[in-house]
Amino acid sequence: DASSGQELYDKNGYKRMSPASLTKLTTCIIALEYGHLGDIVEISNKAGATSVGSTIGLTAGDKITLGNLIEAALITSANDSTVAIAEHIAGSHDVFINLMNKKAVAMGALETKFENTNGYSSVNHYTSARDLAIITRYALQNETINRLVGTREITVAWYNKKKEETIKNTNR
């Protein structure tokens, strides 16, 4: 139950599984708790080189707001934006992963371990259905996340370029 957190039904709720792009919920929870939407993020070589899966085409040296990176992560599942978020908030991807794992435990998601910010499959990147429910319930209590997961389309703009991109949510 989203209001109370009471578990109403469980079938294999503790079975280990890949969180896939739902990983981005925890990435954005931490970004919103540690950063400010108006922060200007300079894209690193690592974030700019992220090209697997969905991206918004970030390149090294680009500048874009943290708010736009969060929008890209939650609306179009942009993998490059999550690397940029991690580096901006924690200084490095690995330090950010440590924050994600600590946050999972703090939320009560005890069967979860993160190894990346975007959900790439890995043996050491896992969760359970029960933990996904806990994380999702926590995330949806955040007004920004709640609004963005229901947003159909939005335009993100680069801070240092005359570049904009309209991103679309394909989730029903």
# chains A, B, ... in the order shown; residues from 1 in each chain; ligands from 1
>>> select_by_dssp(residues="region 21-101 of chain A", states="strand (DSSP E or B)", output="NGL selection string")
:A and (40-42 or 63-65)
>>> write_last_selection(atoms="N, CA and C atoms", output="mmCIF file, in the first residue's frame")
data_model
loop_
_atom_site.group_PDB
_atom_site.id
_atom_site.type_symbol
_atom_site.label_atom_id
_atom_site.label_comp_id
_atom_site.auth_asym_id
_atom_site.auth_seq_id
_atom_site.Cartn_x
_atom_site.Cartn_y
_atom_site.Cartn_z
ATOM 1 N N ILE A 40 24.748 24.008 -11.931
ATOM 2 C CA ILE A 40 25.286 23.822 -13.279
ATOM 3 C C ILE A 40 26.308 22.692 -13.216
ATOM 4 N N VAL A 41 26.091 21.670 -14.029
ATOM 5 C CA VAL A 41 26.951 20.483 -14.043
ATOM 6 C C VAL A 41 27.786 20.503 -15.320
ATOM 7 N N GLU A 42 29.106 20.433 -15.160
ATOM 8 C CA GLU A 42 29.982 20.311 -16.325
ATOM 9 C C GLU A 42 30.221 18.827 -16.586
ATOM 10 N N LYS A 63 27.648 21.919 -20.446
ATOM 11 C CA LYS A 63 27.137 22.360 -19.152
ATOM 12 C C LYS A 63 25.614 22.312 -19.233
ATOM 13 N N ILE A 64 25.028 21.734 -18.192
ATOM 14 C CA ILE A 64 23.583 21.532 -18.156
ATOM 15 C C ILE A 64 23.170 21.515 -16.683
ATOM 16 N N THR A 65 21.967 21.917 -16.400
ATOM 17 C CA THR A 65 21.567 21.960 -14.993
ATOM 18 C C THR A 65 21.314 20.557 -14.439
#
>>> residues_around(residues="region 73-90 of chain A", least_positions_apart="6", cutoff="8 Å", atoms="only C-alpha atoms", output="JSON, numbers by chain")
{"A": [21, 24, 25, 27, 28, 31, 34, 35, 41, 42, 43, 44, 46, 47, 48, 49, 50, 51, 52, 53, 54, 55, 56, 57, 58, 66, 96, 97, 117, 118, 145, 148, 149, 151, 152, 153, 167, 168, 169, 170]}
>>> select_by_dssp(residues="region 93-162 of chain A", states="alpha helix (DSSP H)", output="VMD selection string")
chain A and resid 93 to 107 129 to 140 143 to 149
>>> closest_residue(among="A:Ser128, A:Thr112, A:Asn101, A:Ser92", to="Lys15 (chain A)", atoms="only C-alpha atoms")
A:Ser128
>>> closest_residue(among="A:Asn68, A:Asn171, A:Gln141, A:Asn98", to="His36 (chain A)", atoms="only C-alpha atoms")
A:Asn68
>>> closest_residue(among="A:Lys103, A:Arg130, A:Arg147, A:Lys161", to="Asp62 (chain A)", atoms="only C-alpha atoms")
A:Lys161
>>> closest_residue(among="A:Thr26, A:Thr166, A:Asn160, A:Asp39", to="Leu140 (chain A)", atoms="only C-alpha atoms")
A:Thr26
>>> closest_residue(among="A:Leu110, A:Leu37, A:Ala60, A:Ala2", to="Arg16 (chain A)", atoms="only C-alpha atoms")
A:Leu110
>>> decode(residues="region 4-41 of chain A", atoms="N, CA, C and O atoms", output="PDB file, in the first residue's frame")
ATOM      1  N   SER A   4       0.544   3.525   3.394  1.00  0.00           N
ATOM      2  CA  SER A   4       1.008   3.022   4.686  1.00  0.00           C
ATOM      3  C   SER A   4       2.316   2.230   4.594  1.00  0.00           C
ATOM      4  O   SER A   4       3.004   2.050   5.595  1.00  0.00           O
ATOM      5  N   GLY A   5       2.650   1.725   3.418  1.00  0.00           N
ATOM      6  CA  GLY A   5       3.812   0.861   3.265  1.00  0.00           C
ATOM      7  C   GLY A   5       3.529  -0.575   3.637  1.00  0.00           C
ATOM      8  O   GLY A   5       4.415  -1.423   3.581  1.00  0.00           O
ATOM      9  N   GLN A   6       2.285  -0.866   3.998  1.00  0.00           N
ATOM     10  CA  GLN A   6       1.923  -2.232   4.380  1.00  0.00           C
ATOM     11  C   GLN A   6       1.992  -3.155   3.173  1.00  0.00           C
ATOM     12  O   GLN A   6       1.513  -2.842   2.095  1.00  0.00           O
ATOM     13  N   GLU A   7       2.609  -4.310   3.384  1.00  0.00           N
ATOM     14  CA  GLU A   7       2.707  -5.306   2.328  1.00  0.00           C
ATOM     15  C   GLU A   7       1.382  -6.058   2.247  1.00  0.00           C
ATOM     16  O   GLU A   7       0.932  -6.645   3.221  1.00  0.00           O
ATOM     17  N   LEU A   8       0.753  -6.031   1.077  1.00  0.00           N
ATOM     18  CA  LEU A   8      -0.554  -6.659   0.900  1.00  0.00           C
ATOM     19  C   LEU A   8      -0.450  -8.044   0.272  1.00  0.00           C
ATOM     20  O   LEU A   8      -1.327  -8.882   0.479  1.00  0.00           O
ATOM     21  N   TYR A   9       0.581  -8.274  -0.514  1.00  0.00           N
ATOM     22  CA  TYR A   9       0.728  -9.553  -1.205  1.00  0.00           C
ATOM     23  C   TYR A   9       2.207  -9.749  -1.511  1.00  0.00           C
ATOM     24  O   TYR A   9       2.908  -8.785  -1.814  1.00  0.00           O
ATOM     25  N   ASP A  10       2.661 -10.969  -1.440  1.00  0.00           N
ATOM     26  CA  ASP A  10       4.055 -11.269  -1.724  1.00  0.00           C
ATOM     27  C   ASP A  10       4.145 -12.617  -2.429  1.00  0.00           C
ATOM     28  O   ASP A  10       3.602 -13.600  -1.956  1.00  0.00           O
ATOM     29  N   LYS A  11       4.805 -12.607  -3.573  1.00  0.00           N
ATOM     30  CA  LYS A  11       5.131 -13.848  -4.264  1.00  0.00           C
ATOM     31  C   LYS A  11       6.572 -13.689  -4.752  1.00  0.00           C
ATOM     32  O   LYS A  11       6.843 -12.875  -5.626  1.00  0.00           O
ATOM     33  N   ASN A  12       7.467 -14.394  -4.130  1.00  0.00           N
ATOM     34  CA  ASN A  12       8.889 -14.291  -4.446  1.00  0.00           C
ATOM     35  C   ASN A  12       9.422 -12.880  -4.238  1.00  0.00           C
ATOM     36  O   ASN A  12      10.292 -12.412  -4.980  1.00  0.00           O
ATOM     37  N   GLY A  13       8.889 -12.191  -3.253  1.00  0.00           N
ATOM     38  CA  GLY A  13       9.254 -10.805  -2.990  1.00  0.00           C
ATOM     39  C   GLY A  13      10.708 -10.589  -2.641  1.00  0.00           C
ATOM     40  O   GLY A  13      11.228  -9.486  -2.802  1.00  0.00           O
ATOM     41  N   TYR A  14      11.394 -11.624  -2.167  1.00  0.00           N
ATOM     42  CA  TYR A  14      12.802 -11.498  -1.791  1.00  0.00           C
ATOM     43  C   TYR A  14      13.741 -12.095  -2.839  1.00  0.00           C
ATOM     44  O   TYR A  14      14.952 -12.101  -2.640  1.00  0.00           O
ATOM     45  N   LYS A  15      13.180 -12.581  -3.934  1.00  0.00           N
ATOM     46  CA  LYS A  15      14.000 -13.188  -4.979  1.00  0.00           C
ATOM     47  C   LYS A  15      14.872 -12.117  -5.653  1.00  0.00           C
ATOM     48  O   LYS A  15      14.390 -11.062  -6.053  1.00  0.00           O
ATOM     49  N   ARG A  16      16.157 -12.411  -5.773  1.00  0.00           N
ATOM     50  CA  ARG A  16      17.105 -11.477  -6.372  1.00  0.00           C
ATOM     51  C   ARG A  16      16.812 -11.304  -7.864  1.00  0.00           C
ATOM     52  O   ARG A  16      16.589 -12.281  -8.585  1.00  0.00           O
ATOM     53  N   MET A  17      16.827 -10.051  -8.302  1.00  0.00           N
ATOM     54  CA  MET A  17      16.559  -9.721  -9.709  1.00  0.00           C
ATOM     55  C   MET A  17      17.302  -8.429 -10.073  1.00  0.00           C
ATOM     56  O   MET A  17      17.773  -7.712  -9.194  1.00  0.00           O
ATOM     57  N   SER A  18      17.363  -8.147 -11.350  1.00  0.00           N
ATOM     58  CA  SER A  18      17.995  -6.919 -11.820  1.00  0.00           C
ATOM     59  C   SER A  18      17.012  -5.758 -11.690  1.00  0.00           C
ATOM     60  O   SER A  18      15.866  -5.863 -12.117  1.00  0.00           O
ATOM     61  N   PRO A  19      17.451  -4.631 -11.142  1.00  0.00           N
ATOM     62  CA  PRO A  19      16.557  -3.477 -11.055  1.00  0.00           C
ATOM     63  C   PRO A  19      16.426  -2.725 -12.375  1.00  0.00           C
ATOM     64  O   PRO A  19      15.535  -1.891 -12.527  1.00  0.00           O
ATOM     65  N   ALA A  20      17.306  -2.997 -13.315  1.00  0.00           N
ATOM     66  CA  ALA A  20      17.318  -2.316 -14.608  1.00  0.00           C
ATOM     67  C   ALA A  20      17.225  -0.801 -14.393  1.00  0.00           C
ATOM     68  O   ALA A  20      17.842  -0.267 -13.478  1.00  0.00           O
ATOM     69  N   SER A  21      16.446  -0.115 -15.211  1.00  0.00           N
ATOM     70  CA  SER A  21      16.400   1.344 -15.140  1.00  0.00           C
ATOM     71  C   SER A  21      15.713   1.886 -13.896  1.00  0.00           C
ATOM     72  O   SER A  21      15.788   3.086 -13.636  1.00  0.00           O
ATOM     73  N   LEU A  22      15.077   1.022 -13.114  1.00  0.00           N
ATOM     74  CA  LEU A  22      14.531   1.504 -11.844  1.00  0.00           C
ATOM     75  C   LEU A  22      15.649   1.934 -10.901  1.00  0.00           C
ATOM     76  O   LEU A  22      15.404   2.629  -9.913  1.00  0.00           O
ATOM     77  N   THR A  23      16.867   1.565 -11.221  1.00  0.00           N
ATOM     78  CA  THR A  23      18.045   2.056 -10.505  1.00  0.00           C
ATOM     79  C   THR A  23      18.042   3.581 -10.476  1.00  0.00           C
ATOM     80  O   THR A  23      18.452   4.202  -9.499  1.00  0.00           O
ATOM     81  N   LYS A  24      17.564   4.176 -11.563  1.00  0.00           N
ATOM     82  CA  LYS A  24      17.590   5.632 -11.687  1.00  0.00           C
ATOM     83  C   LYS A  24      16.751   6.329 -10.620  1.00  0.00           C
ATOM     84  O   LYS A  24      16.982   7.500 -10.315  1.00  0.00           O
ATOM     85  N   LEU A  25      15.784   5.630 -10.040  1.00  0.00           N
ATOM     86  CA  LEU A  25      15.021   6.241  -8.946  1.00  0.00           C
ATOM     87  C   LEU A  25      15.934   6.576  -7.776  1.00  0.00           C
ATOM     88  O   LEU A  25      15.879   7.675  -7.219  1.00  0.00           O
ATOM     89  N   THR A  26      16.793   5.638  -7.393  1.00  0.00           N
ATOM     90  CA  THR A  26      17.706   5.891  -6.283  1.00  0.00           C
ATOM     91  C   THR A  26      18.732   6.948  -6.674  1.00  0.00           C
ATOM     92  O   THR A  26      19.073   7.818  -5.863  1.00  0.00           O
ATOM     93  N   THR A  27      19.206   6.913  -7.899  1.00  0.00           N
ATOM     94  CA  THR A  27      20.127   7.945  -8.376  1.00  0.00           C
ATOM     95  C   THR A  27      19.504   9.326  -8.196  1.00  0.00           C
ATOM     96  O   THR A  27      20.139  10.248  -7.676  1.00  0.00           O
ATOM     97  N   CYS A  28      18.260   9.466  -8.591  1.00  0.00           N
ATOM     98  CA  CYS A  28      17.595  10.773  -8.527  1.00  0.00           C
ATOM     99  C   CYS A  28      17.181  11.149  -7.108  1.00  0.00           C
ATOM    100  O   CYS A  28      17.170  12.336  -6.766  1.00  0.00           O
ATOM    101  N   ILE A  29      16.855  10.178  -6.280  1.00  0.00           N
ATOM    102  CA  ILE A  29      16.581  10.464  -4.860  1.00  0.00           C
ATOM    103  C   ILE A  29      17.801  11.153  -4.253  1.00  0.00           C
ATOM    104  O   ILE A  29      17.695  12.201  -3.614  1.00  0.00           O
ATOM    105  N   ILE A  30      18.966  10.573  -4.460  1.00  0.00           N
ATOM    106  CA  ILE A  30      20.190  11.130  -3.883  1.00  0.00           C
ATOM    107  C   ILE A  30      20.513  12.489  -4.496  1.00  0.00           C
ATOM    108  O   ILE A  30      20.883  13.428  -3.794  1.00  0.00           O
ATOM    109  N   ALA A  31      20.334  12.618  -5.806  1.00  0.00           N
ATOM    110  CA  ALA A  31      20.592  13.904  -6.468  1.00  0.00           C
ATOM    111  C   ALA A  31      19.724  15.005  -5.865  1.00  0.00           C
ATOM    112  O   ALA A  31      20.201  16.113  -5.602  1.00  0.00           O
ATOM    113  N   LEU A  32      18.465  14.695  -5.603  1.00  0.00           N
ATOM    114  CA  LEU A  32      17.551  15.697  -5.050  1.00  0.00           C
ATOM    115  C   LEU A  32      17.820  15.977  -3.571  1.00  0.00           C
ATOM    116  O   LEU A  32      17.583  17.086  -3.092  1.00  0.00           O
ATOM    117  N   GLU A  33      18.328  15.002  -2.853  1.00  0.00           N
ATOM    118  CA  GLU A  33      18.607  15.205  -1.437  1.00  0.00           C
ATOM    119  C   GLU A  33      19.951  15.899  -1.190  1.00  0.00           C
ATOM    120  O   GLU A  33      20.113  16.569  -0.179  1.00  0.00           O
ATOM    121  N   TYR A  34      20.888  15.780  -2.125  1.00  0.00           N
ATOM    122  CA  TYR A  34      22.214  16.352  -1.938  1.00  0.00           C
ATOM    123  C   TYR A  34      22.489  17.558  -2.837  1.00  0.00           C
ATOM    124  O   TYR A  34      23.441  18.291  -2.581  1.00  0.00           O
ATOM    125  N   GLY A  35      21.744  17.726  -3.891  1.00  0.00           N
ATOM    126  CA  GLY A  35      22.006  18.800  -4.853  1.00  0.00           C
ATOM    127  C   GLY A  35      20.866  19.782  -4.943  1.00  0.00           C
ATOM    128  O   GLY A  35      19.887  19.708  -4.189  1.00  0.00           O
ATOM    129  N   HIS A  36      20.998  20.703  -5.873  1.00  0.00           N
ATOM    130  CA  HIS A  36      19.977  21.718  -6.136  1.00  0.00           C
ATOM    131  C   HIS A  36      19.672  21.700  -7.628  1.00  0.00           C
ATOM    132  O   HIS A  36      20.596  21.619  -8.451  1.00  0.00           O
ATOM    133  N   LEU A  37      18.404  21.783  -7.979  1.00  0.00           N
ATOM    134  CA  LEU A  37      17.994  21.669  -9.374  1.00  0.00           C
ATOM    135  C   LEU A  37      18.718  22.660 -10.282  1.00  0.00           C
ATOM    136  O   LEU A  37      19.010  22.363 -11.427  1.00  0.00           O
ATOM    137  N   GLY A  38      19.040  23.833  -9.773  1.00  0.00           N
ATOM    138  CA  GLY A  38      19.702  24.854 -10.581  1.00  0.00           C
ATOM    139  C   GLY A  38      21.207  24.728 -10.675  1.00  0.00           C
ATOM    140  O   GLY A  38      21.858  25.502 -11.391  1.00  0.00           O
ATOM    141  N   ASP A  39      21.808  23.744  -9.983  1.00  0.00           N
ATOM    142  CA  ASP A  39      23.248  23.541 -10.079  1.00  0.00           C
ATOM    143  C   ASP A  39      23.655  23.364 -11.535  1.00  0.00           C
ATOM    144  O   ASP A  39      22.988  22.643 -12.290  1.00  0.00           O
ATOM    145  N   ILE A  40      24.748  24.008 -11.931  1.00  0.00           N
ATOM    146  CA  ILE A  40      25.286  23.822 -13.279  1.00  0.00           C
ATOM    147  C   ILE A  40      26.308  22.692 -13.216  1.00  0.00           C
ATOM    148  O   ILE A  40      27.268  22.747 -12.447  1.00  0.00           O
ATOM    149  N   VAL A  41      26.091  21.670 -14.029  1.00  0.00           N
ATOM    150  CA  VAL A  41      26.951  20.483 -14.043  1.00  0.00           C
ATOM    151  C   VAL A  41      27.786  20.503 -15.320  1.00  0.00           C
ATOM    152  O   VAL A  41      27.238  20.581 -16.422  1.00  0.00           O
TER     153      VAL A  41
END
